[in-house]
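Asker: After the structure tokens below, expect a handful of questions from me.
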Amino acid sequence: MEIKIRIAEKKDVESMYRLIKELALFEKEPDAVKISEADLEEAGFGAQPLYHCFVAEAEEQIIGMALVYPRYSTWQGPVIHLEDLIVTQSYRGKGLGSKLLDAVVAYGKEQGVRRISWEVLDWNEPAIKFYESKGANVMRDWDVVQLDQKGIENYLTYKG
């Protein structure tokens with residue numbers, strides 16, 4: 001089976017969305033995806049793209065993806081954030097994750113970033129081992145902090 005890693009195109013949005021929904025199920029958050037295919041298309045392929053995405057293709061089918069976007073670190077300077085690295089269930093363990101991560105790291109170097117960062121769920125030991133085997137530092141002493149849409153509204157209306 002020949003696997004091709006390439007930059008995502010607008011025509012790939014439907015497959016990318018399918019993979020995102022599959023990841024949400026895997027991460028035990030089946031209702032967490034709030035965007036639509038149209039949102040994903042506009043954000044990636046509209047007038048001002050917000051992300052860059054690589055897809056893994058085999059037999060004319062998208063079977064994996066890695067989506068990144070730019071950030072800025074006050075300590076390091078330009079960085080990219082790897083939002084999701086997804087390989088469809090039936091193709092896991094065949095080296096696709098490595099190929100997608102290779103593309104992300106090469107892209108980061110090409111962009112001149114000083115760091116590539118991402119999160120991994122603490123219970124996803126296979127992913128943690130995979131990232132550590134690639135030389136990534138899994139920083140277990142940091143916690144992710146977020147305000148969701150409701151949290152933002154509550155924050156802005158709280159008069160405490």
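Ligands are numbered from 1 in the order shown, chains are lettered A, B, ... in the order of the structure tokens, and residues start at 1 in each chain.
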Quick one: everything within 12 Å of Lys10 of chain A, counting only C-alpha atoms, minus sequence neighbours fewer than 3 positions away in the same chain. Send it as a PDB file with all heavy atoms, in the first residue's frame.
Answerer:
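Okay, this is what ended up in part_27.pdb:
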ATOM      1  N   ILE A   7      -0.222  18.292   1.347  1.00  0.00           N
ATOM      2  CA  ILE A   7      -0.945  19.415   1.937  1.00  0.00           C
ATOM      3  C   ILE A   7      -2.420  19.251   1.600  1.00  0.00           C
ATOM      4  O   ILE A   7      -2.791  18.927   0.464  1.00  0.00           O
ATOM      5  CB  ILE A   7      -0.394  20.747   1.402  1.00  0.00           C
ATOM      6  CG1 ILE A   7       1.072  20.921   1.832  1.00  0.00           C
ATOM      7  CG2 ILE A   7      -1.242  21.928   1.871  1.00  0.00           C
ATOM      8  CD1 ILE A   7       1.788  22.070   1.173  1.00  0.00           C
ATOM      9  N   VAL A  13     -11.977  18.534   2.780  1.00  0.00           N
ATOM     10  CA  VAL A  13     -12.650  18.959   4.011  1.00  0.00           C
ATOM     11  C   VAL A  13     -13.612  17.896   4.541  1.00  0.00           C
ATOM     12  O   VAL A  13     -13.653  17.630   5.744  1.00  0.00           O
ATOM     13  CB  VAL A  13     -13.347  20.324   3.827  1.00  0.00           C
ATOM     14  CG1 VAL A  13     -14.294  20.630   4.971  1.00  0.00           C
ATOM     15  CG2 VAL A  13     -12.297  21.426   3.680  1.00  0.00           C
ATOM     16  N   GLU A  14     -14.369  17.265   3.686  1.00  0.00           N
ATOM     17  CA  GLU A  14     -15.320  16.249   4.136  1.00  0.00           C
ATOM     18  C   GLU A  14     -14.589  15.113   4.863  1.00  0.00           C
ATOM     19  O   GLU A  14     -15.008  14.671   5.938  1.00  0.00           O
ATOM     20  CB  GLU A  14     -16.122  15.692   2.963  1.00  0.00           C
ATOM     21  CG  GLU A  14     -17.157  14.654   3.374  1.00  0.00           C
ATOM     22  CD  GLU A  14     -17.951  14.118   2.187  1.00  0.00           C
ATOM     23  OE1 GLU A  14     -17.905  14.699   1.080  1.00  0.00           O
ATOM     24  OE2 GLU A  14     -18.632  13.086   2.383  1.00  0.00           O
ATOM     25  N   SER A  15     -13.488  14.659   4.309  1.00  0.00           N
ATOM     26  CA  SER A  15     -12.699  13.591   4.936  1.00  0.00           C
ATOM     27  C   SER A  15     -12.040  14.070   6.220  1.00  0.00           C
ATOM     28  O   SER A  15     -11.972  13.322   7.210  1.00  0.00           O
ATOM     29  CB  SER A  15     -11.629  13.088   3.969  1.00  0.00           C
ATOM     30  OG  SER A  15     -12.221  12.490   2.841  1.00  0.00           O
ATOM     31  N   MET A  16     -11.554  15.304   6.226  1.00  0.00           N
ATOM     32  CA  MET A  16     -10.948  15.863   7.436  1.00  0.00           C
ATOM     33  C   MET A  16     -11.986  15.917   8.556  1.00  0.00           C
ATOM     34  O   MET A  16     -11.700  15.551   9.703  1.00  0.00           O
ATOM     35  CB  MET A  16     -10.393  17.270   7.151  1.00  0.00           C
ATOM     36  CG  MET A  16      -9.195  17.275   6.214  1.00  0.00           C
ATOM     37  SD  MET A  16      -8.840  18.906   5.493  1.00  0.00           S
ATOM     38  CE  MET A  16      -8.675  19.937   6.948  1.00  0.00           C
ATOM     39  N   TYR A  17     -13.183  16.346   8.225  1.00  0.00           N
ATOM     40  CA  TYR A  17     -14.267  16.443   9.212  1.00  0.00           C
ATOM     41  C   TYR A  17     -14.608  15.052   9.769  1.00  0.00           C
ATOM     42  O   TYR A  17     -14.802  14.881  10.976  1.00  0.00           O
ATOM     43  CB  TYR A  17     -15.493  17.101   8.576  1.00  0.00           C
ATOM     44  CG  TYR A  17     -16.562  17.457   9.565  1.00  0.00           C
ATOM     45  CD1 TYR A  17     -16.410  18.533  10.424  1.00  0.00           C
ATOM     46  CD2 TYR A  17     -17.743  16.735   9.630  1.00  0.00           C
ATOM     47  CE1 TYR A  17     -17.398  18.874  11.334  1.00  0.00           C
ATOM     48  CE2 TYR A  17     -18.740  17.068  10.525  1.00  0.00           C
ATOM     49  CZ  TYR A  17     -18.558  18.137  11.379  1.00  0.00           C
ATOM     50  OH  TYR A  17     -19.550  18.462  12.281  1.00  0.00           O
ATOM     51  N   GLU A  37     -18.627  21.312   8.639  1.00  0.00           N
ATOM     52  CA  GLU A  37     -17.701  21.210   7.509  1.00  0.00           C
ATOM     53  C   GLU A  37     -17.477  22.586   6.892  1.00  0.00           C
ATOM     54  O   GLU A  37     -16.348  22.919   6.504  1.00  0.00           O
ATOM     55  CB  GLU A  37     -18.248  20.253   6.448  1.00  0.00           C
ATOM     56  CG  GLU A  37     -18.099  18.798   6.819  1.00  0.00           C
ATOM     57  CD  GLU A  37     -18.579  17.873   5.710  1.00  0.00           C
ATOM     58  OE1 GLU A  37     -18.314  18.165   4.509  1.00  0.00           O
ATOM     59  OE2 GLU A  37     -19.216  16.858   6.033  1.00  0.00           O
ATOM     60  N   ALA A  38     -18.543  23.392   6.817  1.00  0.00           N
ATOM     61  CA  ALA A  38     -18.422  24.743   6.248  1.00  0.00           C
ATOM     62  C   ALA A  38     -17.471  25.598   7.081  1.00  0.00           C
ATOM     63  O   ALA A  38     -16.664  26.355   6.528  1.00  0.00           O
ATOM     64  CB  ALA A  38     -19.802  25.403   6.147  1.00  0.00           C
ATOM     65  N   ASP A  39     -17.542  25.478   8.407  1.00  0.00           N
ATOM     66  CA  ASP A  39     -16.628  26.219   9.284  1.00  0.00           C
ATOM     67  C   ASP A  39     -15.186  25.797   9.019  1.00  0.00           C
ATOM     68  O   ASP A  39     -14.289  26.634   8.932  1.00  0.00           O
ATOM     69  CB  ASP A  39     -16.949  25.952  10.761  1.00  0.00           C
ATOM     70  CG  ASP A  39     -18.305  26.472  11.199  1.00  0.00           C
ATOM     71  OD1 ASP A  39     -18.787  27.478  10.640  1.00  0.00           O
ATOM     72  OD2 ASP A  39     -18.885  25.860  12.124  1.00  0.00           O
ATOM     73  N   LEU A  40     -14.976  24.499   8.921  1.00  0.00           N
ATOM     74  CA  LEU A  40     -13.639  23.952   8.689  1.00  0.00           C
ATOM     75  C   LEU A  40     -13.088  24.430   7.339  1.00  0.00           C
ATOM     76  O   LEU A  40     -11.919  24.801   7.225  1.00  0.00           O
ATOM     77  CB  LEU A  40     -13.691  22.421   8.750  1.00  0.00           C
ATOM     78  CG  LEU A  40     -12.379  21.661   8.706  1.00  0.00           C
ATOM     79  CD1 LEU A  40     -11.498  21.995   9.911  1.00  0.00           C
ATOM     80  CD2 LEU A  40     -12.642  20.156   8.653  1.00  0.00           C
ATOM     81  N   GLU A  41     -13.959  24.444   6.343  1.00  0.00           N
ATOM     82  CA  GLU A  41     -13.547  24.897   5.013  1.00  0.00           C
ATOM     83  C   GLU A  41     -13.175  26.377   5.031  1.00  0.00           C
ATOM     84  O   GLU A  41     -12.127  26.773   4.512  1.00  0.00           O
ATOM     85  CB  GLU A  41     -14.672  24.652   4.007  1.00  0.00           C
ATOM     86  CG  GLU A  41     -14.308  25.050   2.600  1.00  0.00           C
ATOM     87  CD  GLU A  41     -15.395  24.711   1.597  1.00  0.00           C
ATOM     88  OE1 GLU A  41     -15.946  23.590   1.653  1.00  0.00           O
ATOM     89  OE2 GLU A  41     -15.685  25.583   0.747  1.00  0.00           O
ATOM     90  N   GLU A  42     -14.010  27.205   5.619  1.00  0.00           N
ATOM     91  CA  GLU A  42     -13.735  28.647   5.664  1.00  0.00           C
ATOM     92  C   GLU A  42     -12.463  28.935   6.452  1.00  0.00           C
ATOM     93  O   GLU A  42     -11.642  29.761   6.038  1.00  0.00           O
ATOM     94  CB  GLU A  42     -14.922  29.399   6.275  1.00  0.00           C
ATOM     95  CG  GLU A  42     -14.707  30.896   6.419  1.00  0.00           C
ATOM     96  CD  GLU A  42     -14.467  31.623   5.097  1.00  0.00           C
ATOM     97  OE1 GLU A  42     -14.973  31.180   4.051  1.00  0.00           O
ATOM     98  OE2 GLU A  42     -13.750  32.654   5.119  1.00  0.00           O
ATOM     99  N   ALA A  43     -12.281  28.258   7.576  1.00  0.00           N
ATOM    100  CA  ALA A  43     -11.109  28.506   8.425  1.00  0.00           C
ATOM    101  C   ALA A  43      -9.806  28.087   7.750  1.00  0.00           C
ATOM    102  O   ALA A  43      -8.767  28.703   7.989  1.00  0.00           O
ATOM    103  CB  ALA A  43     -11.265  27.778   9.757  1.00  0.00           C
ATOM    104  N   GLY A  44      -9.860  27.088   6.916  1.00  0.00           N
ATOM    105  CA  GLY A  44      -8.630  26.600   6.298  1.00  0.00           C
ATOM    106  C   GLY A  44      -8.396  27.052   4.880  1.00  0.00           C
ATOM    107  O   GLY A  44      -7.252  27.115   4.423  1.00  0.00           O
ATOM    108  N   PHE A  45      -9.482  27.382   4.180  1.00  0.00           N
ATOM    109  CA  PHE A  45      -9.351  27.661   2.752  1.00  0.00           C
ATOM    110  C   PHE A  45     -10.049  28.954   2.340  1.00  0.00           C
ATOM    111  O   PHE A  45     -10.221  29.219   1.163  1.00  0.00           O
ATOM    112  CB  PHE A  45      -9.883  26.471   1.946  1.00  0.00           C
ATOM    113  CG  PHE A  45      -9.198  25.189   2.311  1.00  0.00           C
ATOM    114  CD1 PHE A  45      -9.768  24.311   3.229  1.00  0.00           C
ATOM    115  CD2 PHE A  45      -7.959  24.880   1.780  1.00  0.00           C
ATOM    116  CE1 PHE A  45      -9.122  23.137   3.592  1.00  0.00           C
ATOM    117  CE2 PHE A  45      -7.301  23.715   2.136  1.00  0.00           C
ATOM    118  CZ  PHE A  45      -7.884  22.843   3.051  1.00  0.00           C
ATOM    119  N   GLY A  46     -10.439  29.752   3.322  1.00  0.00           N
ATOM    120  CA  GLY A  46     -11.072  31.041   3.041  1.00  0.00           C
ATOM    121  C   GLY A  46     -10.039  32.118   2.758  1.00  0.00           C
ATOM    122  O   GLY A  46      -8.858  31.837   2.512  1.00  0.00           O
ATOM    123  N   PRO A  49      -6.660  32.057   5.820  1.00  0.00           N
ATOM    124  CA  PRO A  49      -6.552  30.727   6.434  1.00  0.00           C
ATOM    125  C   PRO A  49      -5.989  30.786   7.857  1.00  0.00           C
ATOM    126  O   PRO A  49      -5.023  31.502   8.120  1.00  0.00           O
ATOM    127  CB  PRO A  49      -5.604  29.982   5.499  1.00  0.00           C
ATOM    128  CG  PRO A  49      -5.696  30.706   4.200  1.00  0.00           C
ATOM    129  CD  PRO A  49      -5.936  32.144   4.564  1.00  0.00           C
ATOM    130  N   HIS A  52      -2.971  25.159   8.806  1.00  0.00           N
ATOM    131  CA  HIS A  52      -2.293  24.447   7.727  1.00  0.00           C
ATOM    132  C   HIS A  52      -2.497  22.963   8.043  1.00  0.00           C
ATOM    133  O   HIS A  52      -2.367  22.558   9.199  1.00  0.00           O
ATOM    134  CB  HIS A  52      -0.803  24.814   7.737  1.00  0.00           C
ATOM    135  CG  HIS A  52      -0.029  24.262   6.596  1.00  0.00           C
ATOM    136  ND1 HIS A  52      -0.008  24.856   5.353  1.00  0.00           N
ATOM    137  CD2 HIS A  52       0.755  23.166   6.499  1.00  0.00           C
ATOM    138  CE1 HIS A  52       0.760  24.154   4.555  1.00  0.00           C
ATOM    139  NE2 HIS A  52       1.238  23.123   5.217  1.00  0.00           N
ATOM    140  N   CYS A  53      -2.816  22.171   7.045  1.00  0.00           N
ATOM    141  CA  CYS A  53      -3.127  20.768   7.317  1.00  0.00           C
ATOM    142  C   CYS A  53      -2.431  19.852   6.317  1.00  0.00           C
ATOM    143  O   CYS A  53      -2.347  20.153   5.130  1.00  0.00           O
ATOM    144  CB  CYS A  53      -4.640  20.560   7.248  1.00  0.00           C
ATOM    145  SG  CYS A  53      -5.189  18.927   7.760  1.00  0.00           S
ATOM    146  N   PHE A  54      -1.932  18.746   6.844  1.00  0.00           N
ATOM    147  CA  PHE A  54      -1.383  17.676   6.021  1.00  0.00           C
ATOM    148  C   PHE A  54      -2.357  16.512   6.080  1.00  0.00           C
ATOM    149  O   PHE A  54      -2.960  16.254   7.125  1.00  0.00           O
ATOM    150  CB  PHE A  54      -0.023  17.216   6.559  1.00  0.00           C
ATOM    151  CG  PHE A  54       1.022  18.286   6.516  1.00  0.00           C
ATOM    152  CD1 PHE A  54       1.251  19.088   7.626  1.00  0.00           C
ATOM    153  CD2 PHE A  54       1.759  18.504   5.364  1.00  0.00           C
ATOM    154  CE1 PHE A  54       2.208  20.079   7.584  1.00  0.00           C
ATOM    155  CE2 PHE A  54       2.715  19.501   5.316  1.00  0.00           C
ATOM    156  CZ  PHE A  54       2.942  20.295   6.434  1.00  0.00           C
ATOM    157  N   VAL A  55      -2.507  15.811   4.968  1.00  0.00           N
ATOM    158  CA  VAL A  55      -3.342  14.611   4.962  1.00  0.00           C
ATOM    159  C   VAL A  55      -2.506  13.425   4.502  1.00  0.00           C
ATOM    160  O   VAL A  55      -1.545  13.569   3.741  1.00  0.00           O
ATOM    161  CB  VAL A  55      -4.597  14.764   4.063  1.00  0.00           C
ATOM    162  CG1 VAL A  55      -5.553  15.800   4.647  1.00  0.00           C
ATOM    163  CG2 VAL A  55      -4.239  15.090   2.628  1.00  0.00           C
TER     164      VAL A  55
END
Asker: List the spatial neighbours of segment 25-27 of chain A as an MDAnalysis selection string - criterion: any atom at most 9 Å away, only C-alpha atoms, same-chain residues fewer than 5 positions off excluded.
Answerer: chainID A and resid 20 121 124
Asker: Now that the selection is made, can you save its residues with N, CA and C atoms as a PDB file, in the first residue's frame?
Answerer:
ATOM      1  N   ILE A  20     -11.995  14.146  12.270  1.00  0.00           N
ATOM      2  CA  ILE A  20     -12.171  14.921  13.504  1.00  0.00           C
ATOM      3  C   ILE A  20     -13.274  14.300  14.359  1.00  0.00           C
ATOM      4  N   LEU A 121      -3.851  13.450  25.839  1.00  0.00           N
ATOM      5  CA  LEU A 121      -4.610  13.034  27.024  1.00  0.00           C
ATOM      6  C   LEU A 121      -3.760  12.128  27.902  1.00  0.00           C
ATOM      7  N   ASN A 124      -3.883   8.373  27.334  1.00  0.00           N
ATOM      8  CA  ASN A 124      -3.537   7.828  26.022  1.00  0.00           C
ATOM      9  C   ASN A 124      -2.059   7.419  25.991  1.00  0.00           C
TER      10      ASN A 124
END
Asker: Counting only C-alpha atoms, which residues of segment 15-77 of chain A sit at most 8 Å from some atom of segment 91-100 of chain A, and what is each one's closest atom pair with its distance in Å to one decimal, listed by chain and rising residue number, as a tab-separated table?
Answerer:
residue	atom	partner	partner_atom	distance
A:Phe54	CA	A:Leu100	CA	7.0
A:Val55	CA	A:Leu100	CA	7.5
A:Ala56	CA	A:Leu100	CA	7.1
A:Ile63	CA	A:Tyr91	CA	7.1
A:Gly64	CA	A:Leu96	CA	7.3
A:Met65	CA	A:Leu100	CA	6.9
A:Ala66	CA	A:Leu100	CA	6.2
Asker: Kindly save the residues from that selection, with N, CA, C and O atoms included, as a JSON list (two decimals), in the first residue's frame.
Answerer:
[["chain", "number", "residue", "atom", "x", "y", "z"],
["A", 54, "PHE", "N", -1.93, 18.75, 6.84],
["A", 54, "PHE", "CA", -1.38, 17.68, 6.02],
["A", 54, "PHE", "C", -2.36, 16.51, 6.08],
["A", 54, "PHE", "O", -2.96, 16.25, 7.12],
["A", 55, "VAL", "N", -2.51, 15.81, 4.97],
["A", 55, "VAL", "CA", -3.34, 14.61, 4.96],
["A", 55, "VAL", "C", -2.51, 13.43, 4.50],
["A", 55, "VAL", "O", -1.54, 13.57, 3.74],
["A", 56, "ALA", "N", -2.89, 12.26, 5.00],
["A", 56, "ALA", "CA", -2.30, 10.99, 4.56],
["A", 56, "ALA", "C", -3.34, 10.34, 3.66],
["A", 56, "ALA", "O", -4.51, 10.21, 4.04],
["A", 63, "ILE", "N", -6.81, 8.97, 5.06],
["A", 63, "ILE", "CA", -6.82, 8.07, 6.20],
["A", 63, "ILE", "C", -6.13, 8.67, 7.44],
["A", 63, "ILE", "O", -6.05, 8.02, 8.47],
["A", 64, "GLY", "N", -5.66, 9.90, 7.30],
["A", 64, "GLY", "CA", -5.05, 10.57, 8.43],
["A", 64, "GLY", "C", -4.83, 12.04, 8.14],
["A", 64, "GLY", "O", -4.91, 12.47, 6.98],
["A", 65, "MET", "N", -4.59, 12.79, 9.20],
["A", 65, "MET", "CA", -4.35, 14.23, 9.03],
["A", 65, "MET", "C", -3.58, 14.78, 10.22],
["A", 65, "MET", "O", -3.59, 14.20, 11.31],
["A", 66, "ALA", "N", -2.91, 15.89, 9.98],
["A", 66, "ALA", "CA", -2.23, 16.64, 11.04],
["A", 66, "ALA", "C", -2.51, 18.12, 10.77],
["A", 66, "ALA", "O", -2.16, 18.62, 9.70]]
Asker: Near Asp148 of chain A, within 12 Å and counting only C-alpha atoms, which residues show up once chain neighbours fewer than 4 positions away are dropped, as a PDB file with all heavy atoms, in the first residue's frame?
Answerer:
ATOM      1  N   ALA A  32     -18.524  16.756  21.339  1.00  0.00           N
ATOM      2  CA  ALA A  32     -17.673  17.928  21.550  1.00  0.00           C
ATOM      3  C   ALA A  32     -17.397  18.734  20.280  1.00  0.00           C
ATOM      4  O   ALA A  32     -17.048  19.907  20.367  1.00  0.00           O
ATOM      5  CB  ALA A  32     -16.350  17.503  22.178  1.00  0.00           C
ATOM      6  N   LYS A  34     -18.144  21.101  17.649  1.00  0.00           N
ATOM      7  CA  LYS A  34     -19.174  22.123  17.466  1.00  0.00           C
ATOM      8  C   LYS A  34     -19.101  22.790  16.099  1.00  0.00           C
ATOM      9  O   LYS A  34     -20.008  23.508  15.712  1.00  0.00           O
ATOM     10  CB  LYS A  34     -19.063  23.203  18.548  1.00  0.00           C
ATOM     11  CG  LYS A  34     -19.152  22.669  19.964  1.00  0.00           C
ATOM     12  CD  LYS A  34     -20.464  21.980  20.232  1.00  0.00           C
ATOM     13  CE  LYS A  34     -20.533  21.499  21.676  1.00  0.00           C
ATOM     14  NZ  LYS A  34     -21.555  20.513  21.902  1.00  0.00           N
ATOM     15  N   ILE A 152     -16.529  32.057  28.516  1.00  0.00           N
ATOM     16  CA  ILE A 152     -16.198  33.414  28.079  1.00  0.00           C
ATOM     17  C   ILE A 152     -17.339  34.364  28.418  1.00  0.00           C
ATOM     18  O   ILE A 152     -17.132  35.453  28.975  1.00  0.00           O
ATOM     19  CB  ILE A 152     -15.876  33.443  26.565  1.00  0.00           C
ATOM     20  CG1 ILE A 152     -14.588  32.668  26.285  1.00  0.00           C
ATOM     21  CG2 ILE A 152     -15.777  34.878  26.046  1.00  0.00           C
ATOM     22  CD1 ILE A 152     -14.343  32.366  24.818  1.00  0.00           C
ATOM     23  N   GLU A 153     -18.554  33.951  28.088  1.00  0.00           N
ATOM     24  CA  GLU A 153     -19.726  34.789  28.386  1.00  0.00           C
ATOM     25  C   GLU A 153     -19.864  35.014  29.886  1.00  0.00           C
ATOM     26  O   GLU A 153     -20.094  36.149  30.324  1.00  0.00           O
ATOM     27  CB  GLU A 153     -20.996  34.149  27.827  1.00  0.00           C
ATOM     28  CG  GLU A 153     -21.064  34.140  26.320  1.00  0.00           C
ATOM     29  CD  GLU A 153     -21.001  35.514  25.691  1.00  0.00           C
ATOM     30  OE1 GLU A 153     -21.589  36.477  26.246  1.00  0.00           O
ATOM     31  OE2 GLU A 153     -20.341  35.652  24.644  1.00  0.00           O
ATOM     32  N   ASN A 154     -19.713  33.954  30.666  1.00  0.00           N
ATOM     33  CA  ASN A 154     -19.803  34.086  32.126  1.00  0.00           C
ATOM     34  C   ASN A 154     -18.734  35.025  32.647  1.00  0.00           C
ATOM     35  O   ASN A 154     -18.998  35.858  33.522  1.00  0.00           O
ATOM     36  CB  ASN A 154     -19.686  32.725  32.803  1.00  0.00           C
ATOM     37  CG  ASN A 154     -20.902  31.855  32.585  1.00  0.00           C
ATOM     38  OD1 ASN A 154     -21.968  32.329  32.195  1.00  0.00           O
ATOM     39  ND2 ASN A 154     -20.747  30.573  32.810  1.00  0.00           N
ATOM     40  N   TYR A 155     -17.536  34.899  32.147  1.00  0.00           N
ATOM     41  CA  TYR A 155     -16.432  35.746  32.563  1.00  0.00           C
ATOM     42  C   TYR A 155     -16.753  37.220  32.307  1.00  0.00           C
ATOM     43  O   TYR A 155     -16.529  38.076  33.163  1.00  0.00           O
ATOM     44  CB  TYR A 155     -15.169  35.339  31.817  1.00  0.00           C
ATOM     45  CG  TYR A 155     -13.937  36.126  32.197  1.00  0.00           C
ATOM     46  CD1 TYR A 155     -13.059  35.645  33.147  1.00  0.00           C
ATOM     47  CD2 TYR A 155     -13.655  37.353  31.602  1.00  0.00           C
ATOM     48  CE1 TYR A 155     -11.914  36.361  33.504  1.00  0.00           C
ATOM     49  CE2 TYR A 155     -12.536  38.073  31.955  1.00  0.00           C
ATOM     50  CZ  TYR A 155     -11.663  37.570  32.902  1.00  0.00           C
ATOM     51  OH  TYR A 155     -10.543  38.290  33.252  1.00  0.00           O
TER      52      TYR A 155
END
Asker: Check segment 27-156 of chain A with DSSP on the backbone and list each residue it calls strand (DSSP E), as number ranges by chain.
Answerer: A: 52-58, 61-73, 77-87, 115-117
Asker: Rounded to one decimal, what separation in Å do you get between atom CA of Thr74 of chain A and atom CA of Gly112 of chain A?
Answerer: 15.6 Å
